[in-house]
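Engineer: Next comes the structure file input_21.json, holding JSON, C-alpha atoms.
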```json
[["chain", "number", "residue", "atom", "x", "y", "z"],
["T", 1, "MET", "CA", -20.11, -186.53, -52.43],
["T", 2, "GLU", "CA", -22.89, -189.03, -52.04],
["T", 3, "TYR", "CA", -20.43, -191.69, -50.84],
["T", 4, "LYS", "CA", -19.05, -189.39, -48.13],
["T", 5, "ILE", "CA", -22.51, -188.36, -46.97],
["T", 6, "ARG", "CA", -23.68, -191.95, -46.85],
["T", 7, "ALA", "CA", -20.46, -193.11, -45.18],
["T", 8, "ASP", "CA", -20.76, -190.50, -42.41],
["T", 9, "GLY", "CA", -24.56, -190.54, -42.44],
["T", 10, "PRO", "CA", -26.66, -192.70, -40.15],
["T", 11, "GLY", "CA", -25.17, -192.82, -36.70],
["T", 12, "HIS", "CA", -22.67, -190.01, -37.38],
["T", 13, "LYS", "CA", -23.06, -187.43, -34.63],
["T", 14, "GLY", "CA", -26.45, -188.91, -33.78],
["T", 15, "ALA", "CA", -28.01, -188.71, -37.24],
["T", 16, "ARG", "CA", -30.50, -191.50, -37.88],
["T", 17, "LEU", "CA", -31.31, -190.85, -41.54],
["T", 18, "VAL", "CA", -29.34, -189.07, -44.26],
["T", 19, "ARG", "CA", -30.24, -188.54, -47.94],
["T", 20, "ALA", "CA", -28.49, -186.42, -50.51],
["T", 21, "SER", "CA", -28.60, -185.28, -54.11],
["T", 22, "ALA", "CA", -26.30, -183.17, -56.26],
["T", 23, "GLU", "CA", -26.71, -181.29, -59.52],
["T", 24, "VAL", "CA", -23.73, -180.14, -61.58],
["T", 25, "GLY", "CA", -23.64, -177.52, -64.33],
["T", 26, "ALA", "CA", -20.50, -176.53, -66.22],
["T", 27, "GLY", "CA", -19.50, -174.27, -69.06],
["T", 28, "PRO", "CA", -22.16, -172.60, -71.22],
["T", 29, "ILE", "CA", -24.96, -174.78, -69.78],
["T", 30, "GLY", "CA", -24.29, -173.03, -66.48],
["T", 31, "SER", "CA", -25.71, -169.87, -68.01],
["T", 32, "THR", "CA", -29.14, -171.57, -68.04],
["T", 33, "LYS", "CA", -29.09, -172.67, -64.39],
["T", 34, "GLY", "CA", -31.40, -169.82, -63.44],
["T", 35, "THR", "CA", -34.17, -171.86, -65.05],
["T", 36, "LEU", "CA", -35.59, -175.16, -63.92],
["T", 37, "LEU", "CA", -35.14, -178.52, -65.61],
["T", 38, "VAL", "CA", -31.89, -177.97, -67.45],
["T", 39, "PRO", "CA", -31.28, -181.19, -69.40],
["T", 40, "SER", "CA", -28.24, -183.35, -68.76],
["T", 41, "THR", "CA", -25.70, -183.63, -71.54],
["T", 42, "THR", "CA", -22.64, -185.71, -72.31],
["T", 43, "ARG", "CA", -20.45, -182.61, -72.63],
["T", 44, "VAL", "CA", -17.04, -182.96, -70.98],
["T", 45, "VAL", "CA", -15.91, -180.27, -68.53],
["T", 46, "ASN", "CA", -13.15, -178.24, -70.19],
["T", 47, "GLU", "CA", -10.26, -176.22, -68.81],
["T", 48, "GLY", "CA", -11.56, -172.78, -67.84],
["T", 49, "ASP", "CA", -15.20, -173.86, -67.43],
["T", 50, "ILE", "CA", -17.12, -172.52, -64.47],
["T", 51, "VAL", "CA", -18.43, -175.54, -62.54],
["T", 52, "MET", "CA", -21.46, -175.05, -60.31],
["T", 53, "VAL", "CA", -22.55, -177.81, -57.90],
["T", 54, "GLU", "CA", -25.83, -177.65, -56.00],
["T", 55, "LEU", "CA", -25.97, -180.05, -53.07],
["T", 56, "ALA", "CA", -29.05, -180.84, -51.02],
["T", 57, "THR", "CA", -28.97, -183.08, -47.97],
["T", 58, "VAL", "CA", -31.59, -184.24, -45.51],
["T", 59, "VAL", "CA", -30.58, -185.23, -41.99],
["T", 60, "ASP", "CA", -33.31, -186.59, -39.73],
["T", 61, "GLY", "CA", -35.96, -184.87, -41.83],
["T", 62, "TYR", "CA", -34.35, -181.42, -42.02],
["T", 63, "TRP", "CA", -33.03, -180.12, -45.33],
["T", 64, "SER", "CA", -29.93, -178.11, -46.13],
["T", 65, "ASP", "CA", -29.17, -176.54, -49.50],
["T", 66, "LEU", "CA", -25.97, -175.02, -50.83],
["T", 67, "THR", "CA", -24.31, -174.21, -54.12],
["T", 68, "TYR", "CA", -20.56, -174.28, -54.65],
["T", 69, "VAL", "CA", -18.76, -172.71, -57.61],
["T", 70, "SER", "CA", -15.27, -173.32, -58.92],
["T", 71, "VAL", "CA", -13.38, -173.23, -62.20],
["T", 72, "ALA", "CA", -11.73, -176.17, -63.95],
["T", 73, "GLY", "CA", -8.14, -174.96, -63.79],
["T", 74, "GLU", "CA", -7.29, -171.35, -63.02],
["T", 75, "PRO", "CA", -10.03, -168.70, -63.15],
["T", 76, "ASN", "CA", -9.57, -165.74, -65.45],
["T", 77, "ASP", "CA", -9.95, -162.12, -64.33],
["T", 78, "ARG", "CA", -13.59, -161.86, -65.48],
["T", 79, "GLN", "CA", -14.55, -165.05, -63.61],
["T", 80, "ARG", "CA", -12.93, -163.71, -60.43],
["T", 81, "GLU", "CA", -14.64, -160.33, -60.89],
["T", 82, "VAL", "CA", -18.11, -161.83, -61.35],
["T", 83, "TYR", "CA", -17.61, -164.30, -58.49],
["T", 84, "ASN", "CA", -16.55, -161.49, -56.14],
["T", 85, "LYS", "CA", -19.61, -159.40, -57.05],
["T", 86, "VAL", "CA", -21.97, -162.34, -56.49],
["T", 87, "LEU", "CA", -20.25, -162.99, -53.14],
["T", 88, "GLU", "CA", -20.67, -159.30, -52.24],
["T", 89, "ALA", "CA", -24.37, -159.55, -53.18],
["T", 90, "GLN", "CA", -24.79, -162.68, -51.07],
["T", 91, "GLN", "CA", -23.13, -161.09, -48.06],
["T", 92, "ALA", "CA", -25.25, -157.93, -48.43],
["T", 93, "ALA", "CA", -28.40, -160.07, -48.58],
["T", 94, "ALA", "CA", -27.30, -162.17, -45.60],
["T", 95, "GLN", "CA", -26.80, -159.06, -43.47],
["T", 96, "GLN", "CA", -30.54, -158.41, -43.86],
["T", 97, "MET", "CA", -31.34, -161.82, -42.30],
["T", 98, "ARG", "CA", -32.25, -160.32, -38.93],
["T", 99, "ALA", "CA", -35.48, -160.30, -36.98],
["T", 100, "GLY", "CA", -37.68, -157.41, -38.10],
["T", 101, "SER", "CA", -36.43, -157.17, -41.70],
["T", 102, "SER", "CA", -39.01, -157.67, -44.43],
["T", 103, "PHE", "CA", -38.91, -160.74, -46.68],
["T", 104, "SER", "CA", -37.89, -158.44, -49.56],
["T", 105, "ASP", "CA", -34.96, -156.73, -47.78],
["T", 106, "PRO", "CA", -32.35, -159.44, -48.53],
["T", 107, "ASP", "CA", -33.41, -159.52, -52.18],
["T", 108, "SER", "CA", -33.22, -155.72, -52.48],
["T", 109, "ALA", "CA", -29.72, -155.73, -50.97],
["T", 110, "ALA", "CA", -28.47, -158.40, -53.40],
["T", 111, "ARG", "CA", -30.03, -156.72, -56.43],
["T", 112, "LYS", "CA", -28.53, -153.35, -55.50],
["T", 113, "VAL", "CA", -24.99, -154.80, -55.55],
["T", 114, "LEU", "CA", -25.53, -156.65, -58.83],
["T", 115, "ASP", "CA", -27.29, -153.70, -60.51],
["T", 116, "GLU", "CA", -24.43, -151.36, -59.56],
["T", 117, "ALA", "CA", -21.96, -153.88, -61.02],
["T", 118, "GLY", "CA", -23.87, -154.05, -64.32],
["T", 119, "LEU", "CA", -24.93, -157.65, -63.64],
["T", 120, "GLY", "CA", -28.56, -157.10, -62.63],
["T", 121, "GLU", "CA", -30.05, -158.28, -65.92],
["T", 122, "TYR", "CA", -28.40, -161.69, -65.38],
["T", 123, "PHE", "CA", -29.93, -162.22, -61.92],
["T", 124, "VAL", "CA", -33.13, -163.97, -62.99],
["T", 125, "HIS", "CA", -34.44, -165.70, -59.87],
["T", 126, "ILE", "CA", -35.31, -164.95, -56.27],
["T", 127, "THR", "CA", -32.62, -164.44, -53.64],
["T", 128, "GLY", "CA", -33.78, -167.28, -51.43],
["T", 129, "HIS", "CA", -36.46, -169.62, -50.17],
["T", 130, "GLY", "CA", -37.36, -171.05, -46.82],
["T", 131, "ILE", "CA", -35.86, -174.41, -45.97],
["T", 132, "GLY", "CA", -36.58, -176.89, -43.20],
["T", 133, "LEU", "CA", -38.87, -179.90, -43.33],
["T", 134, "ARG", "CA", -39.14, -179.31, -47.10],
["T", 135, "TYR", "CA", -36.47, -178.52, -49.65],
["T", 136, "HIS", "CA", -38.41, -175.38, -50.60],
["T", 137, "GLU", "CA", -40.56, -173.98, -47.80],
["T", 138, "PHE", "CA", -43.08, -171.30, -48.68],
["T", 139, "ILE", "CA", -41.99, -168.94, -45.90],
["T", 140, "PRO", "CA", -39.91, -166.91, -46.26],
["T", 141, "PHE", "CA", -39.47, -166.28, -49.96],
["T", 142, "LEU", "CA", -36.76, -163.63, -50.37],
["T", 143, "MET", "CA", -38.00, -161.84, -53.48],
["T", 144, "PRO", "CA", -39.11, -158.45, -54.81],
["T", 145, "GLY", "CA", -42.38, -157.31, -53.30],
["T", 146, "ALA", "CA", -42.56, -160.13, -50.75],
["T", 147, "THR", "CA", -44.54, -159.12, -47.71],
["T", 148, "GLY", "CA", -43.93, -160.51, -44.28],
["T", 149, "THR", "CA", -41.41, -160.00, -41.56],
["T", 150, "LEU", "CA", -38.40, -162.19, -40.79],
["T", 151, "GLU", "CA", -38.52, -163.73, -37.33],
["T", 152, "ALA", "CA", -35.68, -165.16, -35.26],
["T", 153, "GLY", "CA", -35.29, -168.86, -36.01],
["T", 154, "MET", "CA", -36.60, -168.78, -39.59],
["T", 155, "VAL", "CA", -34.21, -170.48, -42.01],
["T", 156, "SER", "CA", -33.77, -169.57, -45.66],
["T", 157, "THR", "CA", -31.30, -170.03, -48.43],
["T", 158, "VAL", "CA", -29.45, -166.90, -49.52],
["T", 159, "GLU", "CA", -28.50, -167.56, -53.14],
["T", 160, "PRO", "CA", -28.04, -164.71, -55.57],
["T", 161, "GLY", "CA", -26.67, -165.82, -58.91],
["T", 162, "VAL", "CA", -25.91, -164.51, -62.36],
["T", 163, "TYR", "CA", -26.17, -166.53, -65.57],
["T", 164, "ILE", "CA", -24.36, -164.93, -68.47],
["T", 165, "PRO", "CA", -24.67, -166.37, -72.00],
["T", 166, "ASP", "CA", -21.40, -167.84, -73.31],
["T", 167, "PHE", "CA", -19.80, -167.24, -69.90],
["T", 168, "GLY", "CA", -21.60, -169.53, -67.46],
["T", 169, "GLY", "CA", -23.41, -169.20, -64.19],
["T", 170, "ILE", "CA", -22.18, -168.22, -60.75],
["T", 171, "ARG", "CA", -24.45, -168.72, -57.76],
["T", 172, "ILE", "CA", -23.35, -168.68, -54.13],
["T", 173, "GLU", "CA", -25.85, -170.35, -51.83],
["T", 174, "ASP", "CA", -25.85, -170.97, -48.11],
["T", 175, "SER", "CA", -28.53, -171.90, -45.61],
["T", 176, "VAL", "CA", -28.91, -169.02, -43.16],
["T", 177, "ALA", "CA", -30.97, -168.71, -39.98],
["T", 178, "VAL", "CA", -32.50, -165.40, -38.96],
["T", 179, "GLY", "CA", -30.90, -164.17, -35.77],
["T", 180, "ALA", "CA", -32.08, -161.41, -33.47],
["T", 181, "ASP", "CA", -29.00, -159.36, -34.36],
["T", 182, "GLY", "CA", -28.04, -160.73, -37.76],
["T", 183, "PRO", "CA", -27.47, -163.83, -39.85],
["T", 184, "ILE", "CA", -26.45, -167.24, -38.53],
["T", 185, "PHE", "CA", -24.75, -169.20, -41.32],
["T", 186, "LEU", "CA", -25.62, -172.90, -41.11],
["T", 187, "SER", "CA", -23.17, -173.87, -43.83],
["T", 188, "THR", "CA", -19.42, -173.33, -43.86],
["T", 189, "PRO", "CA", -18.09, -170.62, -46.19],
["T", 190, "ARG", "CA", -16.01, -172.05, -49.03],
["T", 191, "LYS", "CA", -13.22, -170.61, -51.16],
["T", 192, "PRO", "CA", -13.78, -171.18, -54.88],
["T", 193, "TRP", "CA", -10.15, -171.63, -55.93]]
```
As structure tokens, how would this structure be written, given the file I've shared?

Structural biologist:
Amino acid sequence: MEYKIRADGPGHKGARLVRASAEVGAGPIGSTKGTLLVPSTTRVVNEGDIVMVELATVVDGYWSDLTYVSVAGEPNDRQREVYNKVLEAQQAAAQQMRAGSSFSDPDSAARKVLDEAGLGEYFVHITGHGIGLRYHEFIPFLMPGATGTLEAGMVSTVEPGVYIPDFGGIRIEDSVAVGADGPIFLSTPRKPW
């Protein structure tokens, strides 16, 4: 990934400066990705492992942030089921990314989907954070009880995730701008398998 970003970076479509970093979690360690500072290991990715890649790039001073999930080999029925529920939660949250919504509306929408699916206890972080000149901007934080109103042009990640012991973690993250009438996805939707 880094090679491709650097190869297409400076000068590509007018970009003057590009930086990137990636973090990869696979298998059972993926169930701890809802916490910070998960240690690296020498564990080999095995057939059937959920693989979660978080990629952050900076182009001309502006950050983007996304998380991609796949499975090494073919996903099983449970992996597909959990992925589809997290995707449904992300889409429900994203639909709240419209001018006039409160900072907590996207989080409430995501939690409702995951709670109804019996996955709420495994959603242990906020639904999103502002992004722009910093990797984590303070406004808006998409979380329970957050006060403030989304305004057109604000940009945030929308990243619900579940981290299930002995199963792994599934997080779907995109950078999304607040539009007057709804979300504007700044990253391209990806198919996991």

Engineer: How would you write as a list in words the residues that get within 8 Å of (-22.6, -177.2, -56.7) in the file's frame, counting all atoms listed in the file?

Structural biologist: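 Here the neighbourhood of the point contains Ala22, Glu23, Val24, Gly25, Val51, Met52, Val53, Glu54, Leu55, Leu66, Thr67, Tyr68 and Val69 of chain T.
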
Engineer: So that I can see what lies close to Gln90 (chain T), please list as a list in words the residues with an atom at most 7 Å from it, counting all atoms listed in the file and leaving out residues fewer than 2 positions away in the same chain.

Structural biologist: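 Result of the neighbour search: Val86, Leu87, Glu88, Ala92, Ala93, Ala94, Ala110, Val158, Glu159, Pro160 and Ile172 of chain T.
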
Engineer: Taking into account all atoms listed in the file, which residue in the set T:Met143, T:Val44, T:Ile131, T:Ile126 is nearest to Ser64 (chain T)?

Structural biologist: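 Checking each of T:Met143, T:Val44, T:Ile131, T:Ile126 against Ser64 (chain T), counting all atoms listed in the file, the winner is T:Ile131.
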
Engineer: Rank nothing, just name the residue among T:Gly169, T:Gly130, T:Gly148, T:Gly100 nearest to Gly182 (chain T), using all atoms listed in the file.

Structural biologist: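 Result for the nearest residue to Gly182 (chain T): T:Gly100.
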
Engineer: Can you tell me, as a list in words, what residues are no more than 8 Å from region 83-85 of chain T when counting only C-alpha atoms, ignoring any on the same chain fewer than 3 positions away?

Structural biologist: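 In the requested format, the answer is Gln79, Arg80, Glu88, Ala89, Val113, Leu114, Ala117 and Ile170 of chain T.
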
Engineer: Dump C-alpha atoms for the selected residues as an mmCIF file, in the frame of the given file?

Structural biologist:
```
data_model
loop_
_atom_site.group_PDB
_atom_site.id
_atom_site.type_symbol
_atom_site.label_atom_id
_atom_site.label_comp_id
_atom_site.auth_asym_id
_atom_site.auth_seq_id
_atom_site.Cartn_x
_atom_site.Cartn_y
_atom_site.Cartn_z
ATOM 1 C CA GLN T 79 -14.550 -165.050 -63.610
ATOM 2 C CA ARG T 80 -12.930 -163.710 -60.430
ATOM 3 C CA GLU T 88 -20.670 -159.300 -52.240
ATOM 4 C CA ALA T 89 -24.370 -159.550 -53.180
ATOM 5 C CA VAL T 113 -24.990 -154.800 -55.550
ATOM 6 C CA LEU T 114 -25.530 -156.650 -58.830
ATOM 7 C CA ALA T 117 -21.960 -153.880 -61.020
ATOM 8 C CA ILE T 170 -22.180 -168.220 -60.750
#
```

Engineer: Could you tell me how far CA of Ala26 (chain T) sits from CA of Asp49 (chain T), in Å to one decimal place?

Structural biologist: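 Spanning CA of Asp49 (chain T) to CA of Ala26 (chain T) is a straight-line distance of 6.1 Å.
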